[in-house]
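J.: Dropping a structure here in structure tokens format, bear with me for questions.
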Amino acid sequence: MSAVITAPGLDHFLVEINEVLARLADIDPHEYDRTRNYLDGATTWCGPFLTHGVISTSDVAQAVLAKHPAKSCYRLLFELAWREYFHRNWQLEGDAIFTDMRHAQPGVQHNHAPTALLNGATGIEAIDTTVQHLLYEGTLHNHARMWVAAIACNLAHTHWLEPARWLHYHLLDGDLASNTLSWQWVAGSFSDKQYIANQENLNRFAGTEQQGSWLDVSYEELPTLALPEALQLRQAPNLESSLPGIPLDELTLEHDAPLALHSIWNLDPRWRTDINQHIVFVDAELNTRWPMAAQRWQLIEHWAQRCGAILVHGSIEALHHHLSGSEVVRLEYPACDSWPGTVEPRNWLYPLPAEAFPSFSKFWKQVKGSAGL
């Protein structure tokens with residue numbers, strides 16, 4: 001029996017903002033809590049909207065809290081806190097999140113992950129079905145992401161960075177902070193232990209009944225498990241990416257009128273509707289380091305249009321030159337720290353903790369009261 005695939009495809013996210021808000025209102029926090037770890041569970045599939053700033057974590061919380069008491073929303077509010085925890089780390093630590101954050105990753109022997117894993121050809125039904133869906137549709141359940149990362153980093157002894165770039169490339173919700181630090185959490189460089197899972201775990205949460213696979217061993221055997229021959233080949237993944245929109249030097253602006261400068265992480269059609277000129281800028285150099293697949297650019301183009309914005313690409317240096325003399329406003333976002341313009345704060349669900357938070361538990365302890373928990 002193949003893994004249950006209920007992850008939506010690209011079309012699920014090419015909608016209008018009113019449809020997105022209606023989906024938030026329909027979230028059942030009880031079913032989310034009860035079933036979210038199963039591939040066919042009641043997950044929200046809000047990730048692409050959150051990653052690209054179509055909505056915020058605060059929007060999600062407000063929608064569910066309007067219908068349900070805070071205590072019944074605990075798990076959903078808890079998971080939203082993880083997203084903000086990752087982003088607060090990025091906000092405070094900057095590009096350090098793209099290196100081993102707390103510890104050197106244990107047991108690293110390779111930089112390239114097994115090619116069979118990245119192609120969905122491992123012989124493990126739950127992995128192969130979900131990875132192949134990812135490659136075609138751009139979506140992958142969070143639990144399946146953890147399984148893939150566990151195999152890549154902790155069984156195949158690969159450093160997390162290159163496979164994290166591969167997953168970011170394919171995911172419609174490839175979030176620089178959440179994706180990077182989630183890989184590090186699994187790999188043990190942003191946590192106190194490495195995450196592993198065996199065939200029994202995959203069968204339980206993926207709905208498969210596979211037995212006798214190379215992963216069908218006890219947890220005690222996993223740390224010293226030898227990979228099968230099919231997973232020995234390794235090579236860098238092909239992450240080709242073509243920039244969307246028009247080159248920056250082809251953009252014509254009214255320099256005496258205000259300009260709303262969007263990043264690809266701020267595609268909320270409700271933002272600064274009082275301004276007539278909107279552009280979405282794509283940083284060409286950042287895309288070289290963290291490229292994205294064609295379906296991701298389709299998603300971005302769709303929401304740029306919903307913002308009434310022109311999509312342009314170029315260098316940050318050229319952006320400064322082109323917008324010189326213009327009244328520019330933009331949202332705070334770590335990847336945009338060197339962009340021009342007056343900076344407005346993002347819409348956070350939780351406040352920045354007053355004290356340091358070297359772990360999620362210390363972060364959660366300080367912020368949960370603001371959500372009524």
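Residue numbers start at 1 in each chain; chains themselves are named A, B, ... in the order of the structure tokens; ligands are numbered from 1 in the order shown.
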Identify, on the basis of only C-alpha atoms, every residue whose closest approach to Ser315 in chain A does not exceed 12 Å; exclude the query and any residue fewer than 6 positions from it along the same chain; express the result as a short mmCIF file (atom, residue, chain, number, x, y, z; two decimals) with C-alpha atoms, in the first residue's frame.
T.:
data_model
loop_
_atom_site.label_atom_id
_atom_site.label_comp_id
_atom_site.auth_asym_id
_atom_site.auth_seq_id
_atom_site.Cartn_x
_atom_site.Cartn_y
_atom_site.Cartn_z
CA PRO A 247 14.79 43.43 -15.40
CA LEU A 248 14.89 46.36 -13.02
CA ASP A 249 16.36 48.70 -15.62
CA PHE A 281 11.55 42.97 -6.13
CA VAL A 282 13.45 39.70 -6.60
CA ASP A 283 17.03 39.77 -5.36
CA ALA A 284 18.99 38.03 -8.13
CA GLU A 285 22.00 37.29 -5.94
CA LEU A 286 19.89 35.71 -3.20
CA ASN A 287 18.15 33.57 -5.80
CA THR A 288 21.56 32.26 -6.84
CA HIS A 321 20.04 53.47 -7.72
CA HIS A 322 16.67 52.99 -9.43
CA CYS A 336 15.73 42.74 2.96
CA SER A 338 19.92 46.33 2.99
CA TRP A 339 16.98 47.42 0.84
#
J.: Would you kindly return, as a compact mmCIF listing (two decimals) with all heavy atoms, in the first residue's frame, each protein, DNA or RNA residue with an atom no farther than 12 Å from any atom of Ser56 in chain A, considering only C-alpha atoms and excluding same-chain residues fewer than 5 positions away?
T.:
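Ended up saving to result16.txt:
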# COMPACT_ATOMS: atom_id res chain seq x y z
N VAL A 20 -8.66 32.53 0.85
CA VAL A 20 -7.67 32.18 1.88
C VAL A 20 -8.24 32.47 3.27
O VAL A 20 -8.15 31.63 4.18
CB VAL A 20 -6.37 32.98 1.67
CG1 VAL A 20 -5.36 32.64 2.76
CG2 VAL A 20 -5.78 32.68 0.30
N LEU A 21 -8.84 33.61 3.44
CA LEU A 21 -9.40 33.99 4.74
C LEU A 21 -10.56 33.08 5.13
O LEU A 21 -10.73 32.75 6.31
CB LEU A 21 -9.84 35.46 4.72
CG LEU A 21 -8.72 36.47 4.45
CD1 LEU A 21 -9.29 37.88 4.38
CD2 LEU A 21 -7.63 36.38 5.52
N LEU A 24 -9.17 29.92 6.58
CA LEU A 24 -8.74 30.10 7.97
C LEU A 24 -9.92 29.96 8.92
O LEU A 24 -9.81 29.36 9.99
CB LEU A 24 -8.09 31.48 8.16
CG LEU A 24 -6.82 31.79 7.35
CD1 LEU A 24 -6.24 33.12 7.80
CD2 LEU A 24 -5.79 30.69 7.49
N CYS A 46 -1.56 26.04 5.15
CA CYS A 46 -1.40 27.50 5.06
C CYS A 46 0.04 27.91 4.75
O CYS A 46 0.31 29.09 4.56
CB CYS A 46 -1.81 28.16 6.38
SG CYS A 46 -3.57 28.13 6.72
N GLY A 47 0.95 26.94 4.72
CA GLY A 47 2.37 27.25 4.61
C GLY A 47 2.74 28.20 3.50
O GLY A 47 3.45 29.19 3.73
N PRO A 48 2.32 27.96 2.24
CA PRO A 48 2.71 28.88 1.17
C PRO A 48 2.20 30.31 1.39
O PRO A 48 2.89 31.27 1.04
CB PRO A 48 2.07 28.24 -0.07
CG PRO A 48 2.03 26.78 0.25
CD PRO A 48 1.70 26.73 1.72
N PHE A 49 1.02 30.44 1.97
CA PHE A 49 0.49 31.77 2.24
C PHE A 49 1.28 32.47 3.35
O PHE A 49 1.50 33.68 3.30
CB PHE A 49 -0.98 31.68 2.64
CG PHE A 49 -1.86 31.02 1.62
CD1 PHE A 49 -2.71 29.98 1.98
CD2 PHE A 49 -1.85 31.43 0.29
CE1 PHE A 49 -3.52 29.37 1.04
CE2 PHE A 49 -2.66 30.82 -0.66
CZ PHE A 49 -3.50 29.78 -0.28
N LEU A 50 1.70 31.71 4.36
CA LEU A 50 2.49 32.28 5.45
C LEU A 50 3.90 32.63 4.99
O LEU A 50 4.41 33.71 5.28
CB LEU A 50 2.55 31.29 6.62
CG LEU A 50 1.25 31.12 7.42
CD1 LEU A 50 1.36 29.91 8.33
CD2 LEU A 50 0.95 32.37 8.24
N THR A 51 4.53 31.72 4.27
CA THR A 51 5.89 31.97 3.80
C THR A 51 5.97 33.23 2.94
O THR A 51 6.90 34.01 3.06
CB THR A 51 6.40 30.76 3.00
OG1 THR A 51 6.58 29.67 3.89
CG2 THR A 51 7.72 31.07 2.29
N ALA A 61 -4.27 32.89 13.86
CA ALA A 61 -4.71 32.83 15.25
C ALA A 61 -6.03 33.58 15.45
O ALA A 61 -6.94 33.09 16.13
CB ALA A 61 -3.63 33.41 16.16
N GLN A 62 -6.14 34.75 14.88
CA GLN A 62 -7.37 35.53 15.04
C GLN A 62 -8.57 34.79 14.48
O GLN A 62 -9.66 34.82 15.06
CB GLN A 62 -7.22 36.89 14.37
CG GLN A 62 -6.29 37.84 15.10
CD GLN A 62 -6.12 39.16 14.37
OE1 GLN A 62 -6.91 39.51 13.50
NE2 GLN A 62 -5.07 39.89 14.71
N ALA A 63 -8.38 34.10 13.36
CA ALA A 63 -9.49 33.38 12.73
C ALA A 63 -9.97 32.24 13.61
O ALA A 63 -11.19 32.05 13.78
CB ALA A 63 -9.07 32.86 11.36
N LEU A 80 2.31 27.53 15.55
CA LEU A 80 2.55 28.87 15.02
C LEU A 80 3.72 29.52 15.75
O LEU A 80 4.49 30.29 15.15
CB LEU A 80 1.29 29.73 15.14
CG LEU A 80 0.12 29.34 14.25
CD1 LEU A 80 -1.12 30.18 14.61
CD2 LEU A 80 0.46 29.51 12.76
N ALA A 81 3.85 29.21 17.04
CA ALA A 81 4.97 29.75 17.81
C ALA A 81 6.31 29.22 17.30
O ALA A 81 7.31 29.94 17.31
CB ALA A 81 4.80 29.43 19.29
N ARG A 83 7.07 28.62 14.22
CA ARG A 83 7.41 29.45 13.04
C ARG A 83 8.01 30.79 13.50
O ARG A 83 9.02 31.25 12.96
CB ARG A 83 6.18 29.66 12.17
CG ARG A 83 6.42 30.55 10.95
CD ARG A 83 5.19 30.66 10.09
NE ARG A 83 4.95 29.44 9.35
CZ ARG A 83 5.43 29.19 8.13
NH1 ARG A 83 6.18 30.08 7.51
NH2 ARG A 83 5.16 28.06 7.52
N GLU A 84 7.37 31.41 14.48
CA GLU A 84 7.88 32.71 14.94
C GLU A 84 9.21 32.56 15.68
O GLU A 84 10.07 33.44 15.60
CB GLU A 84 6.83 33.41 15.79
CG GLU A 84 5.60 33.81 14.98
CD GLU A 84 4.89 35.03 15.51
OE1 GLU A 84 5.22 35.51 16.61
OE2 GLU A 84 3.97 35.52 14.82
N TRP A 265 8.33 37.81 0.13
CA TRP A 265 7.82 37.35 1.43
C TRP A 265 6.77 38.31 1.99
O TRP A 265 6.36 38.18 3.12
CB TRP A 265 8.98 37.17 2.40
CG TRP A 265 10.05 36.30 1.84
CD1 TRP A 265 10.02 34.93 1.72
CD2 TRP A 265 11.28 36.71 1.27
NE1 TRP A 265 11.16 34.47 1.13
CE2 TRP A 265 11.97 35.54 0.83
CE3 TRP A 265 11.91 37.95 1.09
CZ2 TRP A 265 13.22 35.58 0.23
CZ3 TRP A 265 13.15 38.01 0.49
CH2 TRP A 265 13.79 36.83 0.07
N ASN A 266 6.36 39.26 1.18
CA ASN A 266 5.27 40.17 1.55
C ASN A 266 4.36 40.35 0.34
O ASN A 266 4.45 41.33 -0.40
CB ASN A 266 5.80 41.52 2.03
CG ASN A 266 4.67 42.52 2.23
OD1 ASN A 266 3.53 42.14 2.48
ND2 ASN A 266 4.97 43.81 2.09
N LEU A 267 3.48 39.37 0.15
CA LEU A 267 2.57 39.40 -0.99
C LEU A 267 1.11 39.49 -0.52
O LEU A 267 0.22 38.86 -1.06
CB LEU A 267 2.78 38.16 -1.87
CG LEU A 267 4.18 38.03 -2.48
CD1 LEU A 267 4.29 36.75 -3.30
CD2 LEU A 267 4.54 39.25 -3.34
N ASP A 268 0.90 40.30 0.50
CA ASP A 268 -0.44 40.51 1.06
C ASP A 268 -1.15 41.59 0.25
O ASP A 268 -0.73 42.77 0.29
CB ASP A 268 -0.32 40.93 2.53
CG ASP A 268 -1.67 41.07 3.22
OD1 ASP A 268 -2.72 41.04 2.53
OD2 ASP A 268 -1.68 41.23 4.46
N ARG A 270 -3.65 43.15 0.91
CA ARG A 270 -4.27 44.15 1.79
C ARG A 270 -3.28 45.20 2.27
O ARG A 270 -3.67 46.17 2.92
CB ARG A 270 -4.87 43.43 3.01
CG ARG A 270 -5.92 42.38 2.66
CD ARG A 270 -6.20 41.46 3.84
NE ARG A 270 -5.03 40.66 4.18
CZ ARG A 270 -4.95 39.87 5.25
NH1 ARG A 270 -5.99 39.78 6.08
NH2 ARG A 270 -3.85 39.18 5.49
N TRP A 271 -1.99 45.02 1.97
CA TRP A 271 -0.95 45.92 2.49
C TRP A 271 -0.84 47.19 1.66
O TRP A 271 -0.72 47.13 0.44
CB TRP A 271 0.39 45.19 2.53
CG TRP A 271 1.51 46.03 3.07
CD1 TRP A 271 1.64 46.51 4.34
CD2 TRP A 271 2.66 46.50 2.34
NE1 TRP A 271 2.80 47.26 4.45
CE2 TRP A 271 3.44 47.27 3.25
CE3 TRP A 271 3.09 46.36 1.02
CZ2 TRP A 271 4.63 47.88 2.87
CZ3 TRP A 271 4.28 46.96 0.64
CH2 TRP A 271 5.03 47.71 1.55
N ARG A 346 6.70 43.93 10.79
CA ARG A 346 5.83 42.81 10.41
C ARG A 346 4.73 42.62 11.44
O ARG A 346 4.82 43.09 12.58
CB ARG A 346 6.65 41.53 10.31
CG ARG A 346 7.36 41.33 8.99
CD ARG A 346 7.99 39.94 8.94
NE ARG A 346 9.29 39.90 9.60
CZ ARG A 346 9.97 38.77 9.80
NH1 ARG A 346 9.45 37.61 9.44
NH2 ARG A 346 11.16 38.81 10.38
N ASN A 347 3.72 41.88 11.04
CA ASN A 347 2.60 41.57 11.93
C ASN A 347 2.89 40.25 12.64
O ASN A 347 2.71 39.17 12.07
CB ASN A 347 1.30 41.48 11.13
CG ASN A 347 0.07 41.37 12.01
OD1 ASN A 347 0.14 41.63 13.22
ND2 ASN A 347 -1.04 40.97 11.42
N TRP A 348 3.37 40.31 13.87
CA TRP A 348 3.72 39.13 14.64
C TRP A 348 2.53 38.69 15.50
O TRP A 348 1.73 39.51 15.95
CB TRP A 348 4.89 39.41 15.57
CG TRP A 348 6.16 39.78 14.89
CD1 TRP A 348 6.56 41.05 14.52
CD2 TRP A 348 7.21 38.91 14.46
NE1 TRP A 348 7.79 41.01 13.92
CE2 TRP A 348 8.23 39.71 13.87
CE3 TRP A 348 7.41 37.53 14.55
CZ2 TRP A 348 9.40 39.18 13.35
CZ3 TRP A 348 8.59 37.00 14.04
CH2 TRP A 348 9.56 37.81 13.44
N LEU A 349 2.44 37.40 15.76
CA LEU A 349 1.45 36.88 16.70
C LEU A 349 1.95 37.05 18.13
O LEU A 349 1.18 37.43 19.03
CB LEU A 349 1.17 35.41 16.40
CG LEU A 349 0.35 34.62 17.42
CD1 LEU A 349 -1.03 35.27 17.64
CD2 LEU A 349 0.18 33.16 16.95
N TYR A 350 3.22 36.78 18.34
CA TYR A 350 3.79 36.82 19.69
C TYR A 350 4.82 37.94 19.80
O TYR A 350 5.54 38.23 18.84
CB TYR A 350 4.47 35.48 20.01
CG TYR A 350 3.53 34.31 20.01
CD1 TYR A 350 3.55 33.37 18.97
CD2 TYR A 350 2.59 34.14 21.02
CE1 TYR A 350 2.68 32.29 18.97
CE2 TYR A 350 1.72 33.06 21.02
CZ TYR A 350 1.77 32.14 19.99
OH TYR A 350 0.90 31.08 19.98
J.: Identify all residues of range 15-152 of chain A in alpha helix (DSSP H) (DSSP on the backbone) and supply them as JSON, numbers by chain.
T.: {"A": [17, 18, 19, 20, 21, 22, 23, 24, 25, 29, 30, 31, 32, 33, 34, 35, 47, 48, 49, 50, 51, 57, 58, 59, 60, 61, 62, 63, 64, 65, 74, 75, 76, 77, 78, 79, 80, 81, 82, 83, 84, 85, 86, 87, 88, 89, 90, 91, 92, 93, 115, 116, 117, 118, 119, 125, 126, 127, 128, 129, 130, 131, 132, 133, 134, 135, 136, 137, 142, 143, 144, 145, 146, 147, 148, 149]}
J.: So the first atom is CA of Gln211 in chain A and the second is CA of Gln199 in chain A; what is the distance between them in Å, to one decimal place?
T.: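 Distance reported for this atom pair: 7.5 Å.
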J.: Can you pull out the residues contacting Asp11 in chain A? Cut-off 12 Å, using only C-alpha atoms, and skip same-chain residues under 4 positions away; I want them as a VMD selection string.
T.: chain A and resid 7 15 to 16 48 137 to 139 172 295 to 296 298 to 299 302
J.: Could you please take those selected residues and save all heavy atoms as a JSON list (two decimals), in the first residue's frame?
T.:
[["chain", "number", "residue", "atom", "x", "y", "z"],
["A", 7, "ALA", "N", -1.74, 15.86, 0.17],
["A", 7, "ALA", "CA", -1.14, 17.18, 0.01],
["A", 7, "ALA", "C", -1.65, 17.80, -1.28],
["A", 7, "ALA", "O", -1.63, 17.17, -2.34],
["A", 7, "ALA", "CB", 0.37, 17.06, -0.02],
["A", 15, "VAL", "N", -5.51, 31.29, -5.66],
["A", 15, "VAL", "CA", -6.88, 31.70, -5.35],
["A", 15, "VAL", "C", -6.88, 33.19, -5.01],
["A", 15, "VAL", "O", -5.87, 33.88, -5.15],
["A", 15, "VAL", "CB", -7.44, 30.88, -4.17],
["A", 15, "VAL", "CG1", -7.59, 29.41, -4.56],
["A", 15, "VAL", "CG2", -6.56, 31.00, -2.93],
["A", 16, "GLU", "N", -8.03, 33.69, -4.59],
["A", 16, "GLU", "CA", -8.14, 35.08, -4.16],
["A", 16, "GLU", "C", -7.99, 35.17, -2.64],
["A", 16, "GLU", "O", -8.20, 34.19, -1.92],
["A", 16, "GLU", "CB", -9.50, 35.66, -4.59],
["A", 16, "GLU", "CG", -9.77, 35.56, -6.09],
["A", 16, "GLU", "CD", -8.76, 36.33, -6.93],
["A", 16, "GLU", "OE1", -8.27, 37.38, -6.46],
["A", 16, "GLU", "OE2", -8.45, 35.88, -8.05],
["A", 48, "PRO", "N", 2.32, 27.96, 2.24],
["A", 48, "PRO", "CA", 2.71, 28.88, 1.17],
["A", 48, "PRO", "C", 2.20, 30.31, 1.39],
["A", 48, "PRO", "O", 2.89, 31.27, 1.04],
["A", 48, "PRO", "CB", 2.07, 28.24, -0.07],
["A", 48, "PRO", "CG", 2.03, 26.78, 0.25],
["A", 48, "PRO", "CD", 1.70, 26.73, 1.72],
["A", 137, "GLU", "N", 4.48, 18.70, -7.49],
["A", 137, "GLU", "CA", 3.44, 19.61, -6.98],
["A", 137, "GLU", "C", 3.95, 20.67, -6.01],
["A", 137, "GLU", "O", 3.27, 21.64, -5.73],
["A", 137, "GLU", "CB", 2.32, 18.80, -6.31],
["A", 137, "GLU", "CG", 1.60, 17.84, -7.23],
["A", 137, "GLU", "CD", 0.71, 18.54, -8.26],
["A", 137, "GLU", "OE1", 0.56, 19.77, -8.16],
["A", 137, "GLU", "OE2", 0.19, 17.86, -9.16],
["A", 138, "GLY", "N", 5.12, 20.47, -5.42],
["A", 138, "GLY", "CA", 5.68, 21.48, -4.54],
["A", 138, "GLY", "C", 5.19, 21.45, -3.10],
["A", 138, "GLY", "O", 5.44, 22.40, -2.35],
["A", 139, "THR", "N", 4.51, 20.38, -2.70],
["A", 139, "THR", "CA", 4.02, 20.29, -1.32],
["A", 139, "THR", "C", 4.48, 18.98, -0.69],
["A", 139, "THR", "O", 4.59, 17.94, -1.35],
["A", 139, "THR", "CB", 2.48, 20.38, -1.26],
["A", 139, "THR", "OG1", 1.90, 19.43, -2.16],
["A", 139, "THR", "CG2", 2.00, 21.77, -1.62],
["A", 172, "LEU", "N", 6.64, 24.89, -2.22],
["A", 172, "LEU", "CA", 5.92, 26.15, -2.40],
["A", 172, "LEU", "C", 6.05, 27.03, -1.16],
["A", 172, "LEU", "O", 5.92, 28.25, -1.25],
["A", 172, "LEU", "CB", 4.44, 25.88, -2.69],
["A", 172, "LEU", "CG", 4.11, 25.15, -4.00],
["A", 172, "LEU", "CD1", 2.61, 24.94, -4.12],
["A", 172, "LEU", "CD2", 4.63, 25.92, -5.21],
["A", 295, "GLN", "N", 7.30, 26.16, -10.35],
["A", 295, "GLN", "CA", 5.96, 26.28, -9.76],
["A", 295, "GLN", "C", 5.94, 27.29, -8.62],
["A", 295, "GLN", "O", 4.91, 27.92, -8.37],
["A", 295, "GLN", "CB", 5.42, 24.92, -9.31],
["A", 295, "GLN", "CG", 6.20, 24.22, -8.21],
["A", 295, "GLN", "CD", 7.11, 23.16, -8.79],
["A", 295, "GLN", "OE1", 7.66, 23.34, -9.88],
["A", 295, "GLN", "NE2", 7.29, 22.06, -8.07],
["A", 296, "ARG", "N", 7.09, 27.46, -7.94],
["A", 296, "ARG", "CA", 7.16, 28.47, -6.89],
["A", 296, "ARG", "C", 7.03, 29.86, -7.49],
["A", 296, "ARG", "O", 6.36, 30.74, -6.94],
["A", 296, "ARG", "CB", 8.48, 28.30, -6.16],
["A", 296, "ARG", "CG", 8.73, 29.29, -5.02],
["A", 296, "ARG", "CD", 8.06, 28.84, -3.74],
["A", 296, "ARG", "NE", 8.53, 29.61, -2.60],
["A", 296, "ARG", "CZ", 9.62, 29.35, -1.89],
["A", 296, "ARG", "NH1", 10.40, 28.32, -2.22],
["A", 296, "ARG", "NH2", 9.95, 30.10, -0.86],
["A", 298, "GLN", "N", 5.48, 30.58, -10.21],
["A", 298, "GLN", "CA", 4.08, 30.75, -10.61],
["A", 298, "GLN", "C", 3.24, 31.26, -9.45],
["A", 298, "GLN", "O", 2.37, 32.13, -9.62],
["A", 298, "GLN", "CB", 3.51, 29.44, -11.14],
["A", 298, "GLN", "CG", 4.08, 28.97, -12.46],
["A", 298, "GLN", "CD", 3.48, 27.64, -12.89],
["A", 298, "GLN", "OE1", 2.26, 27.48, -12.90],
["A", 298, "GLN", "NE2", 4.33, 26.69, -13.22],
["A", 299, "LEU", "N", 3.49, 30.69, -8.27],
["A", 299, "LEU", "CA", 2.77, 31.12, -7.08],
["A", 299, "LEU", "C", 3.06, 32.60, -6.78],
["A", 299, "LEU", "O", 2.15, 33.39, -6.50],
["A", 299, "LEU", "CB", 3.18, 30.26, -5.89],
["A", 299, "LEU", "CG", 2.59, 30.63, -4.53],
["A", 299, "LEU", "CD1", 1.11, 30.30, -4.48],
["A", 299, "LEU", "CD2", 3.34, 29.91, -3.40],
["A", 302, "HIS", "N", 1.38, 34.94, -9.27],
["A", 302, "HIS", "CA", -0.06, 35.03, -9.00],
["A", 302, "HIS", "C", -0.34, 36.06, -7.91],
["A", 302, "HIS", "O", -1.20, 36.94, -8.07],
["A", 302, "HIS", "CB", -0.59, 33.66, -8.58],
["A", 302, "HIS", "CG", -2.00, 33.69, -8.09],
["A", 302, "HIS", "ND1", -3.09, 33.56, -8.93],
["A", 302, "HIS", "CD2", -2.52, 33.84, -6.82],
["A", 302, "HIS", "CE1", -4.20, 33.62, -8.21],
["A", 302, "HIS", "NE2", -3.89, 33.80, -6.94]]
J.: Give the answer as one residue: which of A:Phe78, A:Arg88, A:Val312, A:Ala22 has the shortest atom-to-atom distance to Ala356 in chain A, using only C-alpha atoms?
T.: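 Among the listed residues, A:Arg88 lies closest to Ala356 in chain A.
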